[in-house]
Structures are given as structure tokens and as C-alpha cells.
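Structure file input17.tsv with TSV, C-alpha atoms:
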```tsv
chain	number	residue	atom	x	y	z
U	24	MET	CA	27.61	3.72	-24.18
U	25	PRO	CA	30.30	1.01	-23.71
U	26	ASP	CA	29.60	-2.44	-25.12
U	27	PHE	CA	29.80	-4.13	-21.70
U	28	VAL	CA	26.69	-2.34	-20.41
U	29	PRO	CA	23.90	-4.95	-19.91
U	30	ARG	CA	21.14	-4.88	-22.52
U	31	TYR	CA	18.41	-4.38	-19.93
U	32	PHE	CA	20.22	-1.23	-18.74
U	33	ARG	CA	20.13	0.22	-22.25
U	34	ILE	CA	16.36	-0.41	-22.39
U	35	GLU	CA	15.88	1.02	-18.91
U	36	GLN	CA	17.66	4.26	-19.83
U	37	ALA	CA	15.67	4.60	-23.04
U	38	LEU	CA	12.42	4.13	-21.10
U	39	ARG	CA	13.47	6.65	-18.45
U	40	ALA	CA	13.81	9.25	-21.20
U	41	ARG	CA	10.32	8.42	-22.50
U	42	ILE	CA	8.82	8.51	-19.02
U	43	ALA	CA	10.26	12.00	-18.49
U	44	GLN	CA	8.17	13.16	-21.49
U	45	SER	CA	5.02	11.26	-20.45
U	46	ARG	CA	2.09	11.97	-18.18
U	47	PRO	CA	1.03	9.97	-15.13
U	48	HIS	CA	-0.91	6.81	-16.06
U	49	ASP	CA	0.28	6.84	-19.69
U	50	PRO	CA	0.79	3.21	-20.81
U	51	LEU	CA	4.23	1.72	-21.33
U	52	PRO	CA	4.81	-0.71	-24.22
U	53	SER	CA	4.20	-4.32	-23.25
U	54	GLU	CA	7.17	-6.61	-22.60
U	55	PRO	CA	6.69	-8.42	-25.96
U	56	GLU	CA	6.61	-5.03	-27.72
U	57	LEU	CA	9.79	-3.93	-25.93
U	58	ALA	CA	11.47	-7.23	-26.77
U	59	ARG	CA	10.71	-6.72	-30.47
U	60	GLU	CA	11.70	-3.05	-30.45
U	61	PHE	CA	15.07	-3.60	-28.80
U	62	GLY	CA	15.78	-7.05	-30.23
U	63	VAL	CA	16.04	-8.77	-26.85
U	64	SER	CA	14.28	-11.57	-25.01
U	65	ARG	CA	11.13	-10.96	-22.97
U	66	MET	CA	13.13	-11.77	-19.84
U	67	THR	CA	15.56	-8.94	-20.60
U	68	ALA	CA	12.70	-6.54	-21.27
U	69	ARG	CA	11.05	-7.63	-18.03
U	70	ALA	CA	14.26	-6.94	-16.09
U	71	ALA	CA	14.33	-3.37	-17.37
U	72	VAL	CA	10.68	-2.73	-16.51
U	73	THR	CA	11.06	-4.32	-13.07
U	74	GLN	CA	13.86	-1.90	-12.24
U	75	LEU	CA	11.60	1.01	-13.19
U	76	VAL	CA	8.84	-0.43	-10.99
U	77	ASN	CA	11.30	-0.76	-8.09
U	78	ASP	CA	12.32	2.87	-8.54
U	79	GLY	CA	8.68	3.99	-8.42
U	80	LEU	CA	8.66	5.38	-11.98
U	81	VAL	CA	6.01	2.99	-13.30
U	82	TYR	CA	3.43	0.63	-11.83
U	83	ARG	CA	1.93	-2.63	-12.98
U	84	ALA	CA	-1.85	-3.12	-13.14
U	85	PRO	CA	-2.65	-6.85	-13.28
U	86	GLY	CA	-4.34	-7.78	-16.53
U	87	ARG	CA	-3.99	-4.25	-17.93
U	88	GLY	CA	-0.31	-3.46	-18.39
U	89	THR	CA	2.37	-1.12	-17.07
U	90	PHE	CA	1.80	2.62	-16.63
U	91	VAL	CA	3.74	5.76	-15.77
U	92	ALA	CA	3.48	6.41	-12.04
U	93	VAL	CA	2.46	9.66	-10.40
U	94	PRO	CA	5.59	11.41	-9.05
U	95	ALA	CA	6.06	9.86	-5.65
U	96	GLY	CA	4.45	11.49	-2.66
U	97	PRO	CA	5.28	8.77	-0.15
U	98	ARG	CA	4.09	8.61	3.42
U	99	ARG	CA	6.27	9.88	6.24
U	100	ALA	CA	6.72	7.31	9.01
U	101	ASP	CA	6.47	10.02	11.69
U	102	ASN	CA	3.02	11.20	10.57
U	103	LEU	CA	-0.41	9.64	11.06
U	104	ILE	CA	-1.85	10.12	7.59
U	105	ARG	CA	-4.80	8.24	6.16
U	106	LEU	CA	-3.96	6.10	3.17
U	107	SER	CA	-6.87	7.66	1.28
U	108	GLU	CA	-5.22	11.09	1.71
U	109	GLU	CA	-1.88	9.76	0.50
U	110	ILE	CA	-3.51	8.36	-2.63
U	111	ARG	CA	-5.35	11.63	-3.36
U	112	LYS	CA	-2.09	13.58	-3.03
U	113	GLN	CA	-0.65	11.37	-5.76
U	114	GLY	CA	-3.49	12.38	-8.09
U	115	ARG	CA	-5.18	9.00	-7.87
U	116	LYS	CA	-8.65	7.95	-6.72
U	117	PRO	CA	-8.83	6.02	-3.43
U	118	SER	CA	-11.40	3.31	-2.81
U	119	ALA	CA	-11.76	0.08	-0.87
U	120	ARG	CA	-13.26	-3.34	-1.39
U	121	VAL	CA	-14.83	-4.56	1.84
U	122	LEU	CA	-14.20	-8.25	2.46
U	123	LEU	CA	-15.56	-8.53	5.99
U	124	ALA	CA	-17.42	-6.33	8.48
U	125	GLU	CA	-18.67	-8.06	11.60
U	126	LEU	CA	-19.08	-7.96	15.38
U	127	ARG	CA	-17.32	-10.85	17.13
U	128	PRO	CA	-15.60	-11.81	20.39
U	129	PRO	CA	-11.99	-10.58	20.63
U	130	THR	CA	-8.96	-12.81	20.80
U	131	ALA	CA	-6.85	-12.59	23.95
U	132	VAL	CA	-4.28	-10.43	22.15
U	133	GLU	CA	-6.94	-8.07	20.77
U	134	ALA	CA	-8.57	-7.66	24.19
U	135	THR	CA	-5.19	-6.86	25.74
U	136	ARG	CA	-4.06	-4.39	23.07
U	137	LEU	CA	-7.44	-2.60	23.02
U	138	ARG	CA	-7.70	-2.71	26.85
U	139	LEU	CA	-11.07	-4.43	26.78
U	140	ARG	CA	-12.46	-6.02	29.93
U	141	ASP	CA	-15.47	-7.51	28.17
U	142	GLY	CA	-17.63	-7.11	25.07
U	143	ASP	CA	-17.09	-7.69	21.37
U	144	VAL	CA	-14.92	-6.06	18.75
U	145	VAL	CA	-15.71	-4.76	15.28
U	146	ALA	CA	-13.61	-6.52	12.63
U	147	ILE	CA	-13.27	-4.89	9.21
U	148	HIS	CA	-11.15	-6.41	6.43
U	149	ARG	CA	-10.61	-4.41	3.25
U	150	VAL	CA	-8.48	-4.22	0.14
U	151	ARG	CA	-7.35	-0.62	-0.35
U	152	LEU	CA	-7.13	0.56	-3.96
U	153	ALA	CA	-5.69	3.47	-5.94
U	154	ASP	CA	-7.36	3.92	-9.34
U	155	ASP	CA	-8.70	0.37	-8.85
U	156	GLU	CA	-5.18	-1.03	-8.36
U	157	PRO	CA	-4.78	-3.00	-5.09
U	158	ILE	CA	-2.32	-1.29	-2.75
U	159	ALA	CA	-2.92	-2.91	0.64
U	160	PHE	CA	-4.77	-5.78	2.29
U	161	GLU	CA	-5.96	-4.38	5.61
U	162	ARG	CA	-7.37	-6.16	8.69
U	163	ALA	CA	-8.56	-3.76	11.40
U	164	ILE	CA	-10.14	-4.30	14.82
U	165	TYR	CA	-12.11	-1.65	16.75
U	166	PRO	CA	-13.70	-1.65	20.23
U	167	GLY	CA	-17.30	-2.89	20.30
U	168	ALA	CA	-18.34	0.60	21.42
U	169	LEU	CA	-17.86	1.54	17.75
U	170	ALA	CA	-20.38	-1.03	16.50
U	171	ALA	CA	-22.12	1.78	14.63
U	172	LEU	CA	-19.34	1.42	12.04
U	173	LEU	CA	-21.27	-1.57	10.74
U	174	ASP	CA	-24.10	0.78	9.78
U	175	VAL	CA	-21.99	3.08	7.61
U	176	ASP	CA	-20.23	2.69	4.27
U	177	VAL	CA	-16.71	1.57	5.17
U	178	SER	CA	-15.55	1.48	1.57
U	179	GLY	CA	-14.49	5.09	2.20
U	180	SER	CA	-12.44	6.44	5.11
U	181	VAL	CA	-13.12	4.55	8.35
U	182	HIS	CA	-11.31	7.27	10.29
U	183	GLU	CA	-13.73	9.88	9.00
U	184	ALA	CA	-16.60	7.63	10.10
U	185	ILE	CA	-15.00	7.29	13.55
U	186	VAL	CA	-14.72	11.06	13.88
U	187	GLY	CA	-18.41	11.25	13.04
U	188	LEU	CA	-19.03	8.91	15.99
U	189	GLY	CA	-17.31	11.34	18.36
U	190	ARG	CA	-13.78	9.93	18.67
U	191	THR	CA	-10.67	11.27	16.96
U	192	PRO	CA	-7.64	9.23	15.84
U	193	THR	CA	-4.78	11.21	17.34
U	194	ARG	CA	-1.54	9.27	17.69
U	195	GLY	CA	-0.22	5.75	17.45
U	196	THR	CA	2.63	3.28	17.28
U	197	ALA	CA	3.57	0.95	14.45
U	198	THR	CA	5.86	-1.99	13.77
U	199	LEU	CA	7.11	-2.53	10.21
U	200	THR	CA	8.33	-5.83	8.85
U	201	ALA	CA	8.99	-7.41	5.47
U	202	GLN	CA	7.07	-10.61	4.79
U	203	PRO	CA	6.39	-12.85	1.78
U	204	ALA	CA	2.89	-12.82	0.31
U	205	THR	CA	0.63	-15.66	1.38
U	206	GLU	CA	-1.91	-17.25	-0.94
U	207	GLU	CA	-4.57	-14.94	0.51
U	208	ASP	CA	-2.35	-11.88	-0.06
U	209	ALA	CA	-1.68	-13.03	-3.63
U	210	ARG	CA	-5.39	-13.42	-4.32
U	211	GLU	CA	-6.41	-10.04	-2.89
U	212	LEU	CA	-3.43	-7.95	-4.05
U	213	GLY	CA	-2.79	-9.59	-7.42
U	214	VAL	CA	0.84	-10.40	-6.62
U	215	PRO	CA	2.72	-13.71	-6.84
U	216	VAL	CA	2.82	-15.93	-3.77
U	217	GLY	CA	6.07	-15.11	-1.98
U	218	ALA	CA	6.29	-11.55	-3.36
U	219	ALA	CA	7.77	-8.98	-0.98
U	220	LEU	CA	5.22	-7.16	1.18
U	221	LEU	CA	5.67	-4.28	3.60
U	222	VAL	CA	3.62	-5.20	6.67
U	223	GLU	CA	2.57	-2.57	9.20
U	224	GLU	CA	1.04	-3.51	12.54
U	225	ARG	CA	-0.47	-0.40	14.07
U	226	LEU	CA	-2.22	0.69	17.26
U	227	ILE	CA	-4.00	4.04	17.10
U	228	LEU	CA	-5.20	5.97	20.15
U	229	ASP	CA	-7.92	8.61	20.39
U	230	GLU	CA	-7.73	12.12	21.84
U	231	LEU	CA	-7.99	10.73	25.40
U	232	GLY	CA	-5.30	8.10	24.88
U	233	ARG	CA	-7.79	5.23	24.58
U	234	PRO	CA	-7.06	2.43	22.07
U	235	LEU	CA	-9.13	3.01	18.97
U	236	GLU	CA	-7.81	0.76	16.21
U	237	LEU	CA	-5.59	-2.29	16.05
U	238	SER	CA	-4.68	-3.10	12.47
U	239	GLU	CA	-2.40	-5.00	10.14
U	240	SER	CA	-1.87	-3.57	6.66
U	241	ARG	CA	-0.05	-5.68	4.09
U	242	TYR	CA	1.25	-3.42	1.30
U	243	ALA	CA	2.27	-4.64	-2.15
U	244	GLY	CA	5.98	-3.88	-2.01
U	245	GLU	CA	6.34	-2.55	-5.55
U	246	ARG	CA	3.36	-0.17	-5.20
U	247	TYR	CA	3.98	1.52	-1.86
U	248	ARG	CA	6.79	3.53	-0.31
U	249	LEU	CA	7.40	4.79	3.21
U	250	ASP	CA	9.74	7.69	3.97
U	251	VAL	CA	11.42	7.87	7.36
U	252	ALA	CA	12.55	11.14	8.94
U	253	PHE	CA	15.18	10.78	11.67
U	254	GLY	CA	17.72	12.64	13.72
U	255	VAL	CA	21.34	11.64	14.24
U	256	GLU	CA	22.59	11.32	17.80
U	257	PRO	CA	25.96	12.97	18.52
U	258	VAL	CA	28.90	10.59	18.55
```

Please express the file's structure as C-alpha cells.
Amino acid sequence: MPDFVPRYFRIEQALRARIAQSRPHDPLPSEPELAREFGVSRMTARAAVTQLVNDGLVYRAPGRGTFVAVPAGPRRADNLIRLSEEIRKQGRKPSARVLLAELRPPTAVEATRLRLRDGDVVAIHRVRLADDEPIAFERAIYPGALAALLDVDVSGSVHEAIVGLGRTPTRGTATLTAQPATEEDARELGVPVGAALLVEERLILDELGRPLELSESRYAGERYRLDVAFGVEPV
């Protein structure tokens, strides 16, 4: 390899070869260990690992280290797929940490989006996890008619609970933006304040076209991918 190739690139290529021979969730050497092995600074070692994280080949678990990622099975933007299903398809265990579950009056925006004339809404805030690693900070609002959600375990799939209550999530619309992590995001997702997040605002309708869920999911950018299928209009 020519001498002008950056040092971090040499480390990155060496690690790619190791990853190809490893199994999902195998640990990667720590940055200090990589720095000693390759005779570089920790900053250079970190640059190599960060590129692998960005490419989805490894993932960081705060306080534990860096591990080989499951071969990506990212979500398609044109499909309504539960995050728990996505995580299972990647060979990981889905779970959720419930931060809030309450019945409260809706805001004006919530009442409009959910087409509510009166009554309360069910608010559920959760941190979604894969193998105990935070993936998304989720705030969801449901019509008060689904107050029975407060009587079930919402650390699992809320959509499955909704189906059990007689309504089926069927279709929806979403808006995707990139936003920096707030202090709350940083605390719940274990990312630095200002880190890049993929933010999805979503409205899901039931089988009769009635609004069922209004949600905002804030995904840790380096731990989540979204594939988009599209057609090309004739010129």
C-alpha cells in the first residue's frame, strides 16, 4: 500500500479483514489496544473505528466496548414494519424501557392530527433497545379510546397490544429529518449532545382509515439505517 495512505485507513482495512472472519457481537479491540498494536495515537485509532461504525460493520455499546454488527437488515421506507421485528431479523433481542405511560389532555396539534373532538390521549414514551443497546427514543400518542394500553405491558410491542384491542395498524405517513441530539436524547440514548439523529415523525392509520398513532422516534444515527426504494420518472 502506498506510503501516502492515511494511517487510520490502514487500520480500517486490517479491521475489515478481521471482521470478515468474526461472528456478530464479537468484541473489537479497544481504542487504546488498537493504538498500541498499530503504533498510532488513540485519535487515529478512533477515526478508523468510527468509519467502521458509519459503514454499519460494528456498533458501540456505551461502557462496554465496540462489537461486530449483525449483517445489516435495514428497514425499507415503503414498508410499515415494527422496530421489534426489524431487530429480531438482525438476530438481536428487542426490548423497551418505559419512561412514561399516562392519560392526559391532548395538545391542539395532537387533537388535530388524531381527529379528536374531545377526550384524552394515551401518551407512551419509551427507549427502544436491541440487545440492551439504545436504538431509539420514542414518544407516541394514541386516542383515549385505547386507554386499555395502560393496563398492559408496553415494554413489548405496542402494535401487538393494539391489535389485541381490536384495531389494526394498516398504513401511515412519515416525515424524516436529521437533528442534533438534545440533552434528553443524550441521556436516554447514550450519545453525545449534538450527535446526529435520524428523526421520524409518523402518523399511523387503522384498517378503517382512522388515526391510531402519532409518534416521534429519535434514532441514534450510528445504530440505525433506513433503506429507500424508489422509481425513476421518465425524462

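In this model, the gap between CA of Ser240 in chain U and CA of Pro117 in chain U comes to 15.6 Å.
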
Next item on the list: To one decimal in Å, tell me the separation between CA of Val144 in chain U and CA of Ser178 in chain U.
Entry: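 Computed distance, CA of Val144 in chain U to CA of Ser178 in chain U, equals 18.8 Å.
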
Next item on the list: Can you work out the spacing between CA of Ile227 in chain U and CA of Ala153 in chain U in Å, to one decimal?
Entry: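 The value is 23.1 Å.
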
Next item on the list: Might you pull out every residue within 10 Å of range 33-39 of chain U, with all atoms listed in the file counted and same-chain residues fewer than 6 positions away left off, and present them as a PyMOL selection string?
Entry: chain U and resi 24+45+51-52+57-58+60-61+63+67-75+80-81

Those residues with C-alpha atoms, as a tab-separated table (two decimals), in the coordinates of the input please?
```tsv
chain	number	residue	atom	x	y	z
U	24	MET	CA	27.61	3.72	-24.18
U	45	SER	CA	5.02	11.26	-20.45
U	51	LEU	CA	4.23	1.72	-21.33
U	52	PRO	CA	4.81	-0.71	-24.22
U	57	LEU	CA	9.79	-3.93	-25.93
U	58	ALA	CA	11.47	-7.23	-26.77
U	60	GLU	CA	11.70	-3.05	-30.45
U	61	PHE	CA	15.07	-3.60	-28.80
U	63	VAL	CA	16.04	-8.77	-26.85
U	67	THR	CA	15.56	-8.94	-20.60
U	68	ALA	CA	12.70	-6.54	-21.27
U	69	ARG	CA	11.05	-7.63	-18.03
U	70	ALA	CA	14.26	-6.94	-16.09
U	71	ALA	CA	14.33	-3.37	-17.37
U	72	VAL	CA	10.68	-2.73	-16.51
U	73	THR	CA	11.06	-4.32	-13.07
U	74	GLN	CA	13.86	-1.90	-12.24
U	75	LEU	CA	11.60	1.01	-13.19
U	80	LEU	CA	8.66	5.38	-11.98
U	81	VAL	CA	6.01	2.99	-13.30
```

Margin query: Using all atoms listed in the file, which protein or nucleic acid residues come within 10 Å of range 198-211 of chain U? Drop anything in the same chain fewer than 5 positions from it, and give the result as a list in words.
Written below: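 Near range 198-211 of chain U, the qualifying residues are Ala100, Arg120, Leu122, Arg149, Val150, Arg151, Pro157, Ile158, Ala159, Phe160, Val216, Gly217, Ala218, Ala219, Leu220, Leu221, Val222, Glu223, Glu224, Arg225, Leu226, Glu239, Ser240, Arg241, Tyr242, Ala243 and Gly244 of chain U.
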
Notebook entry, point to check: Which is closest to Gly195 in chain U among U:Arg233, U:Arg162, U:Arg30, U:Lys116, if we use only C-alpha atoms?
Noted result: U:Arg233

Check: Out of U:Ala163, U:Ala171, U:Ala84, U:Leu237, which residue has the shortest atom-to-atom distance to Ala197 in chain U when counting only C-alpha atoms?
Finding: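 Residue with the minimum atom-to-atom distance to Ala197 in chain U: U:Leu237.
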
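Proximity of U:Ser180, U:Thr135, U:Pro50, U:Arg246 to Pro234 in chain U, computed with all atoms listed in the file, is greatest for U:Thr135.
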